[in-house]
>>> print(open('final.csv').read())   # CSV, C-alpha atoms
chain,number,residue,atom,x,y,z
A,1,MET,CA,0.0,0.0,0.0
A,2,GLY,CA,2.9,2.4,0.7
A,3,LEU,CA,1.3,4.1,3.7
A,4,LEU,CA,4.5,4.5,5.7
A,5,THR,CA,7.0,4.9,2.8
A,6,ARG,CA,7.6,8.1,1.0
A,7,ARG,CA,7.1,8.4,-2.7
A,8,LYS,CA,10.3,9.1,-4.7
A,9,ASN,CA,10.4,12.2,-6.9
A,10,LYS,CA,10.2,11.6,-10.7
A,11,LYS,CA,13.3,12.4,-12.7
A,12,PHE,CA,13.2,13.7,-16.2
A,13,SER,CA,16.0,13.9,-18.7
A,14,TYR,CA,15.0,17.2,-20.4
A,15,THR,CA,17.4,18.6,-22.9
A,16,PRO,CA,16.4,21.9,-24.6
A,17,ARG,CA,16.2,22.1,-28.3
A,18,TYR,CA,18.9,24.7,-28.9
A,19,TYR,CA,21.2,24.0,-26.0
A,20,LYS,CA,24.8,23.1,-26.9
A,21,ASN,CA,26.4,20.9,-24.3
A,22,GLU,CA,29.9,22.4,-24.2
A,23,LYS,CA,30.2,22.3,-20.5
A,24,GLU,CA,29.8,19.5,-18.0
A,25,GLY,CA,26.3,18.9,-16.7
A,26,SER,CA,23.0,20.4,-17.5
A,27,PRO,CA,22.0,23.9,-16.5
A,28,PHE,CA,18.6,22.5,-15.5
A,29,GLU,CA,20.0,20.0,-13.0
A,30,ILE,CA,19.1,20.9,-9.5
A,31,ASN,CA,21.7,20.2,-6.8
A,32,GLN,CA,21.8,21.4,-3.3
A,33,LYS,CA,24.7,23.6,-2.2
A,34,PHE,CA,26.3,21.2,0.2
A,35,ASP,CA,25.3,17.8,-1.2
A,36,SER,CA,28.9,16.8,-2.0
A,37,TYR,CA,29.9,17.3,1.7
A,38,ARG,CA,27.1,15.3,3.3
A,39,ASN,CA,26.8,11.5,3.9
A,40,THR,CA,23.0,11.4,4.6
A,41,ILE,CA,21.9,12.3,1.0
A,42,GLU,CA,21.2,8.7,0.1
A,43,PRO,CA,17.9,7.3,1.4
A,44,ALA,CA,18.7,5.1,4.5
A,45,LYS,CA,17.1,1.8,5.0
A,46,GLY,CA,14.7,2.1,7.9
A,47,LEU,CA,14.8,4.2,11.1
A,48,LYS,CA,18.0,2.6,12.5
A,49,GLY,CA,19.8,3.3,9.2
A,50,LYS,CA,18.8,6.9,9.3
A,51,PHE,CA,20.0,7.4,12.9
A,52,SER,CA,23.3,5.6,12.2
A,53,THR,CA,24.1,7.7,9.2
A,54,ALA,CA,23.1,10.9,11.0
A,55,TRP,CA,25.3,9.9,14.0
A,56,ASP,CA,28.2,9.0,11.7
A,57,GLU,CA,27.9,12.4,10.0
A,58,TYR,CA,27.7,14.1,13.4
A,59,ARG,CA,30.8,12.3,14.7
A,60,SER,CA,32.9,12.9,11.6
A,61,ASN,CA,32.2,16.7,11.6
A,62,PRO,CA,35.6,18.5,11.7
A,63,LYS,CA,34.1,21.6,13.3
A,64,SER,CA,33.7,21.0,17.0
A,65,SER,CA,32.0,24.4,17.4
A,66,ALA,CA,29.0,23.1,15.4
A,67,ASN,CA,28.8,20.0,17.6
A,68,LYS,CA,28.8,22.2,20.7
A,69,ARG,CA,26.1,24.5,19.2
A,70,VAL,CA,23.9,21.4,18.6
A,71,LEU,CA,24.5,20.3,22.2
A,72,TYR,CA,23.6,23.7,23.6
A,73,ILE,CA,20.4,23.9,21.5
A,74,CYS,CA,19.4,20.4,22.7
A,75,ILE,CA,19.9,21.4,26.4
A,76,VAL,CA,17.9,24.6,26.0
A,77,LEU,CA,15.1,22.7,24.3
A,78,LEU,CA,15.1,20.1,27.0
A,79,VAL,CA,15.0,22.7,29.8
A,80,LEU,CA,12.2,24.6,27.9
A,81,PHE,CA,10.2,21.3,27.6
A,82,LEU,CA,10.6,20.5,31.3
A,83,PHE,CA,9.5,24.1,32.2
A,84,ILE,CA,6.4,23.7,29.9
A,85,ILE,CA,5.3,20.5,31.5
A,86,ASP,CA,6.0,21.9,35.0
A,87,PHE,CA,8.5,19.2,35.9
A,88,ASP,CA,9.6,19.2,39.6
A,89,LEU,CA,13.3,18.8,40.0
A,90,SER,CA,13.0,18.3,43.8
A,91,ILE,CA,12.6,14.5,43.3
A,92,PHE,CA,16.3,14.3,42.5
A,93,PHE,CA,17.5,16.0,45.8
A,94,LYS,CA,17.1,14.4,49.2
A,95,ARG,CA,16.2,16.6,52.2
>>> encode(input="final.csv", output="structure tokens")
Amino acid sequence: MGLLTRRKNKKFSYTPRYYKNEKEGSPFEINQKFDSYRNTIEPAKGLKGKFSTAWDEYRSNPKSSANKRVLYICIVLLVLFLFIIDFDLSIFFKR
């Protein structure tokens, strides 16, 4: 049925009538800016495959400042979530 799988985009090999292919590639080809630097472009097999490729990309990132920034954002979001649900931190401290 395909309820849980995503449909793949159609690919067309359009070549204009008066275009002379003197250069490499087509001017109508759409590529993202950083596709050549990423490992997670290929569709991963299942949820575990997606997490493992994302984790490998995170671990192989040469910029540690980006990793720290992601960590800080996660901590802020966690604290914000705990504040929204009125989580009581006193259960972790003995009196």
>>> atom_distance(input="final.csv", atom1="CA of Asp88 in chain A", atom2="CA of Val76 in chain A")
16.8 Å
>>> closest_residue(input="final.csv", among="A:Ser64, A:Leu4, A:Cys74, A:Thr15", to="Gly46 in chain A", atoms="only C-alpha atoms")
A:Leu4
>>> atom_distance(input="final.csv", atom1="CA of Lys45 in chain A", atom2="CA of Lys63 in chain A")
27.4 Å
>>> atom_distance(input="final.csv", atom1="CA of Arg7 in chain A", atom2="CA of Asp56 in chain A")
25.6 Å
